[in-house]
$ cat upload-v2.cif   # mmCIF, N, CA and C atoms
data_my_file
#
loop_
_atom_site.label_atom_id
_atom_site.label_comp_id
_atom_site.auth_asym_id
_atom_site.auth_seq_id
_atom_site.Cartn_x
_atom_site.Cartn_y
_atom_site.Cartn_z
N MET A 199 -5.23 -13.16 -6.05
CA MET A 199 -4.79 -14.02 -4.96
C MET A 199 -3.27 -14.07 -4.95
N THR A 200 -2.70 -14.00 -3.80
CA THR A 200 -1.25 -14.06 -3.71
C THR A 200 -0.79 -15.50 -3.58
N GLU A 201 0.45 -15.73 -4.00
CA GLU A 201 1.05 -17.04 -3.76
C GLU A 201 1.36 -17.14 -2.28
N SER A 202 1.49 -18.35 -1.77
CA SER A 202 1.68 -18.52 -0.34
C SER A 202 2.96 -17.87 0.17
N SER A 203 3.95 -17.66 -0.69
CA SER A 203 5.20 -17.07 -0.24
C SER A 203 5.20 -15.55 -0.38
N ASP A 204 4.17 -14.97 -0.99
CA ASP A 204 4.13 -13.53 -1.18
C ASP A 204 3.99 -12.80 0.16
N VAL A 205 4.68 -11.67 0.23
CA VAL A 205 4.53 -10.77 1.36
C VAL A 205 3.73 -9.58 0.84
N VAL A 206 2.71 -9.19 1.58
CA VAL A 206 1.84 -8.10 1.16
C VAL A 206 2.07 -6.92 2.09
N GLY A 207 2.21 -5.75 1.48
CA GLY A 207 2.32 -4.53 2.25
C GLY A 207 1.04 -3.74 2.12
N PHE A 208 0.73 -2.94 3.12
CA PHE A 208 -0.48 -2.14 3.05
C PHE A 208 -0.22 -0.77 3.67
N ILE A 209 -0.64 0.25 2.93
CA ILE A 209 -0.51 1.64 3.36
C ILE A 209 -1.89 2.27 3.27
N GLY A 210 -2.33 2.86 4.37
CA GLY A 210 -3.65 3.50 4.39
C GLY A 210 -4.55 2.75 5.35
N LEU A 211 -4.43 3.03 6.62
CA LEU A 211 -5.14 2.28 7.65
C LEU A 211 -6.28 3.08 8.25
N GLY A 212 -6.91 3.89 7.40
CA GLY A 212 -8.03 4.72 7.84
C GLY A 212 -9.34 3.97 7.80
N SER A 213 -10.43 4.70 7.60
CA SER A 213 -11.77 4.13 7.72
C SER A 213 -12.04 3.00 6.74
N GLN A 214 -11.44 2.99 5.57
CA GLN A 214 -11.65 1.89 4.63
C GLN A 214 -10.49 0.89 4.65
N GLY A 215 -9.27 1.40 4.72
CA GLY A 215 -8.11 0.52 4.62
C GLY A 215 -7.86 -0.37 5.82
N TRP A 216 -8.26 0.08 7.02
CA TRP A 216 -7.94 -0.71 8.21
C TRP A 216 -8.54 -2.12 8.13
N GLY A 217 -9.76 -2.24 7.63
CA GLY A 217 -10.40 -3.55 7.55
C GLY A 217 -9.76 -4.44 6.50
N MET A 218 -9.31 -3.83 5.41
CA MET A 218 -8.62 -4.60 4.36
C MET A 218 -7.31 -5.14 4.91
N ALA A 219 -6.57 -4.29 5.60
CA ALA A 219 -5.30 -4.72 6.19
C ALA A 219 -5.54 -5.78 7.26
N ARG A 220 -6.56 -5.58 8.08
CA ARG A 220 -6.86 -6.56 9.14
C ARG A 220 -7.20 -7.92 8.55
N ALA A 221 -7.94 -7.93 7.45
CA ALA A 221 -8.29 -9.20 6.80
C ALA A 221 -7.05 -9.92 6.30
N LEU A 222 -6.09 -9.19 5.76
CA LEU A 222 -4.83 -9.81 5.33
C LEU A 222 -4.10 -10.44 6.51
N VAL A 223 -3.95 -9.66 7.57
CA VAL A 223 -3.24 -10.14 8.75
C VAL A 223 -3.95 -11.35 9.35
N ASP A 224 -5.26 -11.25 9.53
CA ASP A 224 -6.03 -12.32 10.18
C ASP A 224 -6.08 -13.59 9.35
N SER A 225 -5.87 -13.48 8.03
CA SER A 225 -5.89 -14.68 7.19
C SER A 225 -4.54 -15.38 7.16
N GLY A 226 -3.55 -14.82 7.84
CA GLY A 226 -2.24 -15.47 7.91
C GLY A 226 -1.28 -15.07 6.80
N ILE A 227 -1.67 -14.14 5.95
CA ILE A 227 -0.77 -13.67 4.90
C ILE A 227 0.31 -12.80 5.55
N PRO A 228 1.58 -13.07 5.26
CA PRO A 228 2.63 -12.20 5.82
C PRO A 228 2.39 -10.76 5.36
N THR A 229 2.22 -9.86 6.32
CA THR A 229 1.81 -8.50 6.02
C THR A 229 2.73 -7.50 6.71
N VAL A 230 3.14 -6.50 5.92
CA VAL A 230 3.95 -5.39 6.42
C VAL A 230 3.09 -4.14 6.30
N LEU A 231 3.07 -3.33 7.36
CA LEU A 231 2.25 -2.13 7.38
C LEU A 231 3.12 -0.89 7.56
N TRP A 232 2.65 0.21 6.98
CA TRP A 232 3.24 1.53 7.22
C TRP A 232 2.10 2.53 7.18
N ALA A 233 2.22 3.57 7.98
CA ALA A 233 1.18 4.61 8.03
C ALA A 233 1.83 5.98 8.13
N ARG A 234 1.25 6.93 7.43
CA ARG A 234 1.72 8.31 7.54
C ARG A 234 1.46 8.84 8.94
N ARG A 235 0.43 8.33 9.58
CA ARG A 235 0.13 8.65 10.99
C ARG A 235 0.50 7.42 11.81
N PRO A 236 1.65 7.40 12.47
CA PRO A 236 2.10 6.20 13.17
C PRO A 236 1.10 5.61 14.16
N GLU A 237 0.25 6.46 14.76
CA GLU A 237 -0.74 5.94 15.72
C GLU A 237 -1.74 4.98 15.05
N ALA A 238 -1.88 5.05 13.73
CA ALA A 238 -2.78 4.12 13.04
C ALA A 238 -2.28 2.68 13.12
N LEU A 239 -1.00 2.50 13.41
CA LEU A 239 -0.44 1.15 13.55
C LEU A 239 -0.80 0.51 14.88
N ASP A 240 -1.21 1.29 15.85
CA ASP A 240 -1.47 0.77 17.19
C ASP A 240 -2.46 -0.39 17.19
N GLN A 241 -3.47 -0.33 16.34
CA GLN A 241 -4.49 -1.39 16.31
C GLN A 241 -3.95 -2.72 15.79
N TYR A 242 -2.70 -2.75 15.31
CA TYR A 242 -2.09 -3.98 14.80
C TYR A 242 -0.93 -4.45 15.66
N ARG A 243 -0.64 -3.76 16.75
CA ARG A 243 0.51 -4.11 17.58
C ARG A 243 0.39 -5.50 18.19
N ASP A 244 -0.82 -5.99 18.36
CA ASP A 244 -1.03 -7.32 18.94
C ASP A 244 -1.19 -8.40 17.88
N SER A 245 -0.83 -8.08 16.65
CA SER A 245 -1.04 -9.02 15.54
C SER A 245 0.29 -9.53 15.01
N SER A 246 0.22 -10.35 14.00
CA SER A 246 1.42 -10.89 13.36
C SER A 246 2.03 -9.94 12.34
N ALA A 247 1.40 -8.80 12.10
CA ALA A 247 1.92 -7.83 11.14
C ALA A 247 3.27 -7.30 11.61
N THR A 248 4.10 -6.96 10.62
CA THR A 248 5.34 -6.25 10.92
C THR A 248 5.19 -4.83 10.40
N PHE A 249 6.09 -3.96 10.82
CA PHE A 249 5.96 -2.54 10.51
C PHE A 249 7.21 -2.04 9.80
N ALA A 250 6.98 -1.23 8.80
CA ALA A 250 8.07 -0.63 8.02
C ALA A 250 8.37 0.76 8.53
N SER A 251 9.58 1.23 8.28
CA SER A 251 9.97 2.56 8.72
C SER A 251 9.58 3.64 7.72
N SER A 252 9.23 3.25 6.50
CA SER A 252 8.83 4.20 5.47
C SER A 252 8.07 3.43 4.39
N ALA A 253 7.48 4.17 3.45
CA ALA A 253 6.82 3.51 2.33
C ALA A 253 7.83 2.75 1.48
N ALA A 254 9.02 3.32 1.30
CA ALA A 254 10.07 2.64 0.53
C ALA A 254 10.52 1.36 1.23
N ASP A 255 10.67 1.41 2.54
CA ASP A 255 11.06 0.23 3.31
C ASP A 255 9.99 -0.86 3.17
N LEU A 256 8.74 -0.48 3.26
CA LEU A 256 7.64 -1.44 3.07
C LEU A 256 7.75 -2.09 1.69
N ALA A 257 7.88 -1.28 0.65
CA ALA A 257 7.92 -1.80 -0.71
C ALA A 257 9.10 -2.74 -0.92
N ALA A 258 10.23 -2.45 -0.30
CA ALA A 258 11.42 -3.30 -0.46
C ALA A 258 11.19 -4.70 0.11
N GLN A 259 10.27 -4.83 1.05
CA GLN A 259 10.00 -6.11 1.70
C GLN A 259 8.86 -6.89 1.06
N CYS A 260 8.12 -6.27 0.13
CA CYS A 260 6.84 -6.82 -0.30
C CYS A 260 6.79 -7.13 -1.79
N ASP A 261 5.96 -8.11 -2.12
CA ASP A 261 5.69 -8.48 -3.50
C ASP A 261 4.47 -7.73 -4.04
N VAL A 262 3.52 -7.50 -3.16
CA VAL A 262 2.28 -6.79 -3.50
C VAL A 262 2.11 -5.67 -2.46
N ILE A 263 1.82 -4.46 -2.95
CA ILE A 263 1.67 -3.31 -2.07
C ILE A 263 0.29 -2.70 -2.29
N GLY A 264 -0.56 -2.73 -1.29
CA GLY A 264 -1.86 -2.09 -1.35
C GLY A 264 -1.77 -0.67 -0.84
N VAL A 265 -2.41 0.26 -1.55
CA VAL A 265 -2.43 1.67 -1.15
C VAL A 265 -3.88 2.12 -1.09
N CYS A 266 -4.32 2.55 0.09
CA CYS A 266 -5.70 3.00 0.27
C CYS A 266 -5.67 4.29 1.08
N VAL A 267 -5.25 5.37 0.40
CA VAL A 267 -5.15 6.67 1.05
C VAL A 267 -6.22 7.61 0.52
N LEU A 268 -6.31 8.79 1.07
CA LEU A 268 -7.47 9.66 0.89
C LEU A 268 -7.74 10.15 -0.53
N ASP A 269 -6.71 10.62 -1.23
CA ASP A 269 -6.99 11.31 -2.49
C ASP A 269 -5.80 11.24 -3.44
N ASP A 270 -5.92 11.94 -4.57
CA ASP A 270 -4.87 11.94 -5.60
C ASP A 270 -3.53 12.41 -5.04
N ALA A 271 -3.54 13.50 -4.29
CA ALA A 271 -2.30 14.02 -3.73
C ALA A 271 -1.65 13.01 -2.80
N ALA A 272 -2.44 12.33 -2.01
CA ALA A 272 -1.89 11.33 -1.08
C ALA A 272 -1.32 10.13 -1.83
N VAL A 273 -1.99 9.69 -2.89
CA VAL A 273 -1.46 8.59 -3.69
C VAL A 273 -0.12 8.99 -4.29
N ARG A 274 -0.06 10.16 -4.88
CA ARG A 274 1.20 10.62 -5.47
C ARG A 274 2.30 10.69 -4.41
N ALA A 275 1.98 11.24 -3.25
CA ALA A 275 2.98 11.38 -2.20
C ALA A 275 3.49 10.02 -1.73
N VAL A 276 2.60 9.11 -1.44
CA VAL A 276 2.99 7.81 -0.90
C VAL A 276 3.77 6.98 -1.92
N VAL A 277 3.40 7.11 -3.19
CA VAL A 277 4.04 6.27 -4.20
C VAL A 277 5.24 6.96 -4.85
N LEU A 278 5.12 8.25 -5.20
CA LEU A 278 6.11 8.90 -6.04
C LEU A 278 7.14 9.76 -5.31
N ASP A 279 6.82 10.26 -4.13
CA ASP A 279 7.76 11.13 -3.42
C ASP A 279 9.02 10.38 -3.00
N PRO A 280 10.10 11.12 -2.72
CA PRO A 280 11.30 10.46 -2.19
C PRO A 280 10.94 9.64 -0.95
N ASP A 281 11.52 8.45 -0.86
CA ASP A 281 11.25 7.47 0.20
C ASP A 281 9.83 6.91 0.11
N GLY A 282 9.22 7.07 -1.08
CA GLY A 282 7.91 6.49 -1.34
C GLY A 282 8.02 5.07 -1.86
N VAL A 283 6.90 4.50 -2.18
CA VAL A 283 6.83 3.10 -2.61
C VAL A 283 7.79 2.82 -3.76
N LEU A 284 7.82 3.67 -4.77
CA LEU A 284 8.67 3.38 -5.93
C LEU A 284 10.16 3.45 -5.62
N ASP A 285 10.54 4.14 -4.57
CA ASP A 285 11.95 4.15 -4.18
C ASP A 285 12.40 2.78 -3.67
N GLY A 286 11.48 1.99 -3.16
CA GLY A 286 11.85 0.68 -2.61
C GLY A 286 11.35 -0.51 -3.40
N ALA A 287 10.40 -0.29 -4.29
CA ALA A 287 9.77 -1.41 -5.00
C ALA A 287 10.77 -2.15 -5.89
N ARG A 288 10.65 -3.46 -5.88
CA ARG A 288 11.50 -4.32 -6.70
C ARG A 288 10.82 -4.60 -8.03
N PRO A 289 11.59 -4.78 -9.10
CA PRO A 289 10.99 -5.20 -10.37
C PRO A 289 10.17 -6.46 -10.17
N GLY A 290 9.00 -6.49 -10.79
CA GLY A 290 8.11 -7.65 -10.66
C GLY A 290 7.08 -7.50 -9.56
N SER A 291 7.24 -6.50 -8.71
CA SER A 291 6.24 -6.29 -7.67
C SER A 291 5.02 -5.59 -8.26
N VAL A 292 3.94 -5.58 -7.49
CA VAL A 292 2.67 -5.02 -7.95
C VAL A 292 2.16 -4.04 -6.90
N ILE A 293 1.76 -2.86 -7.38
CA ILE A 293 1.12 -1.86 -6.52
C ILE A 293 -0.36 -1.87 -6.87
N VAL A 294 -1.20 -2.05 -5.85
CA VAL A 294 -2.64 -2.04 -6.04
C VAL A 294 -3.19 -0.77 -5.40
N ILE A 295 -3.71 0.12 -6.24
CA ILE A 295 -4.24 1.39 -5.74
C ILE A 295 -5.73 1.21 -5.44
N HIS A 296 -6.07 1.24 -4.15
CA HIS A 296 -7.47 1.10 -3.73
C HIS A 296 -8.16 2.46 -3.58
N SER A 297 -7.41 3.53 -3.64
CA SER A 297 -7.97 4.87 -3.51
C SER A 297 -8.80 5.19 -4.75
N THR A 298 -9.87 5.94 -4.55
CA THR A 298 -10.69 6.40 -5.67
C THR A 298 -10.09 7.71 -6.15
N VAL A 299 -9.34 7.62 -7.26
CA VAL A 299 -8.61 8.78 -7.77
C VAL A 299 -8.88 8.95 -9.27
N LEU A 300 -8.42 10.06 -9.80
CA LEU A 300 -8.60 10.34 -11.22
C LEU A 300 -7.79 9.38 -12.09
N PRO A 301 -8.29 9.08 -13.28
CA PRO A 301 -7.53 8.22 -14.20
C PRO A 301 -6.13 8.78 -14.47
N GLU A 302 -6.00 10.10 -14.54
CA GLU A 302 -4.70 10.71 -14.80
C GLU A 302 -3.69 10.35 -13.71
N THR A 303 -4.15 10.26 -12.49
CA THR A 303 -3.25 9.89 -11.39
C THR A 303 -2.77 8.46 -11.57
N ILE A 304 -3.68 7.57 -11.91
CA ILE A 304 -3.29 6.17 -12.14
C ILE A 304 -2.31 6.07 -13.30
N HIS A 305 -2.56 6.80 -14.38
CA HIS A 305 -1.66 6.77 -15.54
C HIS A 305 -0.27 7.29 -15.15
N GLU A 306 -0.22 8.35 -14.37
CA GLU A 306 1.06 8.92 -13.92
C GLU A 306 1.83 7.91 -13.07
N VAL A 307 1.14 7.33 -12.10
CA VAL A 307 1.78 6.34 -11.22
C VAL A 307 2.21 5.12 -12.02
N ALA A 308 1.35 4.65 -12.92
CA ALA A 308 1.67 3.46 -13.71
C ALA A 308 2.88 3.69 -14.61
N ALA A 309 2.99 4.88 -15.19
CA ALA A 309 4.14 5.18 -16.06
C ALA A 309 5.44 5.17 -15.25
N ALA A 310 5.41 5.78 -14.09
CA ALA A 310 6.60 5.80 -13.23
C ALA A 310 6.95 4.38 -12.77
N ALA A 311 5.94 3.61 -12.44
CA ALA A 311 6.17 2.23 -11.99
C ALA A 311 6.71 1.37 -13.12
N ARG A 312 6.13 1.50 -14.30
CA ARG A 312 6.57 0.71 -15.46
C ARG A 312 8.05 0.92 -15.73
N ALA A 313 8.54 2.14 -15.55
CA ALA A 313 9.96 2.44 -15.76
C ALA A 313 10.86 1.67 -14.80
N LYS A 314 10.29 1.21 -13.69
CA LYS A 314 11.04 0.42 -12.71
C LYS A 314 10.71 -1.07 -12.78
N GLY A 315 9.89 -1.47 -13.75
CA GLY A 315 9.51 -2.88 -13.86
C GLY A 315 8.46 -3.31 -12.85
N VAL A 316 7.67 -2.35 -12.39
CA VAL A 316 6.64 -2.59 -11.39
C VAL A 316 5.28 -2.41 -12.05
N ASP A 317 4.33 -3.28 -11.74
CA ASP A 317 2.99 -3.19 -12.29
C ASP A 317 2.08 -2.43 -11.33
N VAL A 318 1.04 -1.80 -11.89
CA VAL A 318 0.04 -1.09 -11.09
C VAL A 318 -1.34 -1.61 -11.48
N ILE A 319 -2.16 -1.86 -10.48
CA ILE A 319 -3.55 -2.25 -10.67
C ILE A 319 -4.42 -1.17 -10.04
N ASP A 320 -5.38 -0.67 -10.79
CA ASP A 320 -6.34 0.31 -10.27
C ASP A 320 -7.53 -0.48 -9.74
N ALA A 321 -7.69 -0.52 -8.43
CA ALA A 321 -8.75 -1.30 -7.80
C ALA A 321 -9.42 -0.48 -6.70
N PRO A 322 -10.12 0.60 -7.08
CA PRO A 322 -10.68 1.50 -6.07
C PRO A 322 -11.82 0.87 -5.28
N VAL A 323 -11.95 1.34 -4.07
CA VAL A 323 -13.09 0.98 -3.23
C VAL A 323 -13.99 2.20 -3.14
N SER A 324 -15.23 1.99 -2.80
CA SER A 324 -16.13 3.12 -2.64
C SER A 324 -17.02 2.88 -1.42
N GLY A 325 -17.66 3.92 -1.01
CA GLY A 325 -18.52 3.80 0.16
C GLY A 325 -17.77 4.21 1.42
N GLY A 326 -18.39 4.02 2.54
CA GLY A 326 -17.78 4.40 3.81
C GLY A 326 -17.12 3.22 4.48
N GLY A 327 -16.57 3.51 5.64
CA GLY A 327 -15.88 2.48 6.42
C GLY A 327 -16.83 1.41 6.85
#

$ encode --input "upload-v2.cif" --output "C-alpha coordinates"
Amino acid sequence: MTESSDVVGFIGLGSQGWGMARALVDSGIPTVLWARRPEALDQYRDSSATFASSAADLAAQCDVIGVCVLDDAAVRAVVLDPDGVLDGARPGSVIVIHSTVLPETIHEVAAAARAKGVDVIDAPVSGGG
(Lines of atoms letter the chains of each structure in order from A and count residues from 1; the text may use other names and numbers.)
(Lines give C-alpha, C1' and ligand atoms only; values in the text may rest on other atoms or scores of the structure.)
Protein backbone atom coordinates (compact mmCIF):
# COMPACT_ATOMS: atom_id res chain seq x y z
CA MET A 1 0.00 0.00 0.00
CA THR A 2 1.31 3.42 -0.83
CA GLU A 3 1.31 6.38 1.50
CA SER A 4 -1.20 9.04 0.56
CA SER A 5 1.56 11.33 -0.74
CA ASP A 6 3.20 8.68 -2.93
CA VAL A 7 3.13 9.11 -6.67
CA VAL A 8 2.91 5.85 -8.60
CA GLY A 9 4.22 5.36 -12.09
CA PHE A 10 3.15 2.57 -14.40
CA ILE A 11 4.74 1.23 -17.57
CA GLY A 12 3.07 -1.51 -19.59
CA LEU A 13 -0.48 -0.71 -20.59
CA GLY A 14 -1.19 -3.87 -22.56
CA SER A 15 -3.65 -6.68 -21.93
CA GLN A 16 -2.67 -7.15 -18.27
CA GLY A 17 -1.18 -3.81 -17.27
CA TRP A 18 -3.96 -1.53 -18.51
CA GLY A 19 -6.38 -2.70 -15.80
CA MET A 20 -3.77 -2.36 -13.06
CA ALA A 21 -3.00 1.19 -14.17
CA ARG A 22 -6.69 2.02 -14.49
CA ALA A 23 -7.33 0.81 -10.93
CA LEU A 24 -4.59 3.12 -9.64
CA VAL A 25 -5.98 6.11 -11.51
CA ASP A 26 -9.60 5.39 -10.60
CA SER A 27 -8.74 5.02 -6.91
CA GLY A 28 -7.38 8.57 -6.82
CA ILE A 29 -3.71 7.65 -6.42
CA PRO A 30 -1.54 10.22 -8.23
CA THR A 31 -0.40 8.23 -11.26
CA VAL A 32 2.12 8.93 -14.01
CA LEU A 33 2.04 6.76 -17.13
CA TRP A 34 4.49 6.05 -19.94
CA ALA A 35 4.20 3.60 -22.82
CA ARG A 36 6.60 2.38 -25.46
CA ARG A 37 3.61 2.58 -27.80
CA PRO A 38 2.23 6.12 -27.26
CA GLU A 39 -1.24 5.13 -28.54
CA ALA A 40 -1.62 2.96 -25.41
CA LEU A 41 -1.96 6.21 -23.44
CA ASP A 42 -5.09 7.22 -25.35
CA GLN A 43 -7.37 5.25 -23.03
CA TYR A 44 -6.20 7.46 -20.11
CA ARG A 45 -6.47 10.87 -21.78
CA ASP A 46 -9.80 11.52 -20.04
CA SER A 47 -8.45 10.58 -16.62
CA SER A 48 -6.46 12.26 -13.86
CA ALA A 49 -3.28 10.44 -14.93
CA THR A 50 -0.33 12.45 -16.12
CA PHE A 51 2.08 11.33 -18.82
CA ALA A 52 5.86 11.11 -18.85
CA SER A 53 8.08 11.72 -21.85
CA SER A 54 10.25 8.67 -21.12
CA ALA A 55 10.71 5.87 -18.60
CA ALA A 56 13.41 7.96 -16.89
CA ASP A 57 11.08 10.97 -16.71
CA LEU A 58 8.38 8.79 -15.16
CA ALA A 59 10.79 7.39 -12.57
CA ALA A 60 12.02 10.87 -11.63
CA GLN A 61 8.44 11.83 -10.69
CA CYS A 62 7.48 8.66 -8.83
CA ASP A 63 8.03 6.90 -5.53
CA VAL A 64 6.78 3.53 -6.78
CA ILE A 65 7.16 2.36 -10.39
CA GLY A 66 5.15 -0.59 -11.70
CA VAL A 67 6.48 -2.40 -14.78
CA CYS A 68 4.23 -4.86 -16.62
CA VAL A 69 5.82 -5.48 -20.01
CA LEU A 70 5.95 -8.56 -22.22
CA ASP A 71 9.19 -10.38 -21.45
CA ASP A 72 12.75 -10.38 -20.09
CA ALA A 73 14.10 -8.27 -22.95
CA ALA A 74 11.37 -5.67 -22.46
CA VAL A 75 11.99 -5.48 -18.70
CA ARG A 76 15.70 -4.97 -19.29
CA ALA A 77 15.05 -2.33 -21.94
CA VAL A 78 12.52 -0.34 -19.91
CA VAL A 79 14.53 -0.44 -16.70
CA LEU A 80 18.21 -0.66 -17.70
CA ASP A 81 18.59 1.01 -21.11
CA PRO A 82 19.62 4.67 -21.42
CA ASP A 83 16.64 6.89 -20.53
CA GLY A 84 15.14 3.89 -18.72
CA VAL A 85 13.68 3.75 -15.24
CA LEU A 86 17.04 3.57 -13.47
CA ASP A 87 18.27 6.70 -15.24
CA GLY A 88 15.56 8.68 -13.46
CA ALA A 89 14.83 6.72 -10.29
CA ARG A 90 15.57 8.44 -6.99
CA PRO A 91 17.19 6.66 -4.04
CA GLY A 92 14.47 5.18 -1.85
CA SER A 93 12.07 4.55 -4.71
CA VAL A 94 10.70 1.09 -5.45
CA ILE A 95 10.36 -0.70 -8.78
CA VAL A 96 7.70 -3.41 -8.85
CA ILE A 97 8.18 -5.87 -11.70
CA HIS A 98 4.82 -7.40 -12.62
CA SER A 99 6.17 -9.15 -15.72
CA THR A 100 6.64 -12.91 -15.53
CA VAL A 101 10.37 -13.15 -16.18
CA LEU A 102 13.33 -15.34 -15.30
CA PRO A 103 14.86 -15.05 -11.82
CA GLU A 104 18.14 -14.04 -13.48
CA THR A 105 16.44 -10.99 -14.97
CA ILE A 106 15.13 -9.92 -11.57
CA HIS A 107 18.57 -10.44 -10.00
CA GLU A 108 20.20 -8.35 -12.75
CA VAL A 109 17.68 -5.53 -12.40
CA ALA A 110 17.83 -5.66 -8.59
CA ALA A 111 21.64 -5.44 -8.57
CA ALA A 112 21.61 -2.41 -10.85
CA ALA A 113 18.86 -0.80 -8.78
CA ARG A 114 20.59 -1.51 -5.47
CA ALA A 115 23.65 0.39 -6.73
CA LYS A 116 21.40 3.45 -7.03
CA GLY A 117 19.63 2.97 -3.69
CA VAL A 118 16.45 1.71 -5.36
CA ASP A 119 14.54 -1.38 -4.25
CA VAL A 120 13.00 -3.99 -6.56
CA ILE A 121 10.01 -6.20 -5.82
CA ASP A 122 9.29 -9.23 -8.02
CA ALA A 123 5.49 -9.38 -8.20
CA PRO A 124 4.56 -11.19 -11.42
CA VAL A 125 1.04 -11.60 -12.69
CA SER A 126 -0.15 -14.57 -14.67
CA GLY A 127 -3.05 -15.44 -16.87
CA GLY A 128 -4.65 -13.39 -19.59
CA GLY A 129 -6.09 -9.92 -19.73

$ axis_aligned_box --input "upload-v2.cif" --around "region 273-285 of chain A" --padding-each-side "4 Å" --output "JSON"
{"center_x": 5.2, "center_y": 7.1, "center_z": -2.9, "size_x": 22.4, "size_y": 16.6, "size_z": 14.2}

$ resolve_selection --input "upload-v2.cif" --expression "the PyMOL selection byres (((chain A and resi 319 and name CA) around 8) and name CA)" --output "VMD selection string"
chain A and resid 292 to 295 317 to 318 320 to 321

$ resolve_selection --input "upload-v2.cif" --expression "the PyMOL selection byres ((chain A and resi 285-289) around 5)" --output "list in words"
Ala254, Ala257, Ala258, Gly282, Val283, Leu284, Gly290, Ser291, Lys314, Gly315 and Val316 of chain A

$ atom_distance --input "upload-v2.cif" --atom1 "CA of Thr229 (chain A)" --atom2 "CA of Glu302 (chain A)"
29.1 Å

$ residues_around --input "upload-v2.cif" --residues "Val307 (chain A)" --least-positions-apart "6" --cutoff "8 Å" --atoms "all atoms listed in the file" --output "MDAnalysis selection string"
chainID A and resid 273:274 277:278 301 313 317:318

$ atom_distance --input "upload-v2.cif" --atom1 "CA of Arg220 (chain A)" --atom2 "CA of Ser246 (chain A)"
10.3 Å

$ residues_around --input "upload-v2.cif" --residues "Pro228 (chain A)" --least-positions-apart "5" --cutoff "8 Å" --atoms "only N, CA and C atoms" --output "mmCIF file with N, CA and C atoms, keeping the file's coordinate frame"
data_model
loop_
_atom_site.group_PDB
_atom_site.id
_atom_site.type_symbol
_atom_site.label_atom_id
_atom_site.label_comp_id
_atom_site.auth_asym_id
_atom_site.auth_seq_id
_atom_site.Cartn_x
_atom_site.Cartn_y
_atom_site.Cartn_z
ATOM 1 N N SER A 202 1.490 -18.350 -1.770
ATOM 2 C CA SER A 202 1.680 -18.520 -0.340
ATOM 3 C C SER A 202 2.960 -17.870 0.170
ATOM 4 N N SER A 203 3.950 -17.660 -0.690
ATOM 5 C CA SER A 203 5.200 -17.070 -0.240
ATOM 6 C C SER A 203 5.200 -15.550 -0.380
ATOM 7 N N ASP A 204 4.170 -14.970 -0.990
ATOM 8 C CA ASP A 204 4.130 -13.530 -1.180
ATOM 9 C C ASP A 204 3.990 -12.800 0.160
ATOM 10 N N VAL A 205 4.680 -11.670 0.230
ATOM 11 C CA VAL A 205 4.530 -10.770 1.360
ATOM 12 C C VAL A 205 3.730 -9.580 0.840
ATOM 13 N N VAL A 206 2.710 -9.190 1.580
ATOM 14 C CA VAL A 206 1.840 -8.100 1.160
ATOM 15 C C VAL A 206 2.070 -6.920 2.090
ATOM 16 N N GLY A 207 2.210 -5.750 1.480
ATOM 17 C CA GLY A 207 2.320 -4.530 2.250
ATOM 18 C C GLY A 207 1.040 -3.740 2.120
ATOM 19 N N LEU A 222 -6.090 -9.190 5.760
ATOM 20 C CA LEU A 222 -4.830 -9.810 5.330
ATOM 21 C C LEU A 222 -4.100 -10.440 6.510
ATOM 22 N N VAL A 223 -3.950 -9.660 7.570
ATOM 23 C CA VAL A 223 -3.240 -10.140 8.750
ATOM 24 C C VAL A 223 -3.950 -11.350 9.350
ATOM 25 N N SER A 246 0.220 -10.350 14.000
ATOM 26 C CA SER A 246 1.420 -10.890 13.360
ATOM 27 C C SER A 246 2.030 -9.940 12.340
ATOM 28 N N ALA A 247 1.400 -8.800 12.100
ATOM 29 C CA ALA A 247 1.920 -7.830 11.140
ATOM 30 C C ALA A 247 3.270 -7.300 11.610
ATOM 31 N N THR A 248 4.100 -6.960 10.620
ATOM 32 C CA THR A 248 5.340 -6.250 10.920
ATOM 33 C C THR A 248 5.190 -4.830 10.400
#

$ atom_distance --input "upload-v2.cif" --atom1 "CA of Leu300 (chain A)" --atom2 "CA of Ser251 (chain A)"
28.3 Å

$ select_by_dssp --input "upload-v2.cif" --residues "chain A" --states "strand (DSSP E)" --output "number ranges by chain"
A: 206-209, 229-232, 248-249, 262-265, 292-295, 317-320

$ resolve_selection --input "upload-v2.cif" --expression "the PyMOL selection byres (((chain A and resi 322 and name CA) around 6) and name CA)" --output "ChimeraX atom specification"
/A:296-298,321,323

$ closest_residue --input "upload-v2.cif" --among "A:Ser324, A:Gly212, A:Asp240, A:Trp232" --to "Cys266 (chain A)" --atoms "all atoms listed in the file"
A:Gly212

$ residues_around --input "upload-v2.cif" --residues "Ser252 (chain A)" --least-positions-apart "3" --cutoff "7 Å" --atoms "only C-alpha atoms" --output "ChimeraX atom specification"
/A:232,255-256,281

$ closest_residue --input "upload-v2.cif" --among "A:Ala253, A:Ala238, A:Val267, A:Cys260" --to "Gln214 (chain A)" --atoms "only C-alpha atoms"
A:Val267

$ select_by_dssp --input "upload-v2.cif" --residues "region 211-325 of chain A" --states "helix (DSSP H, G or I)" --output "count of residues only"
49
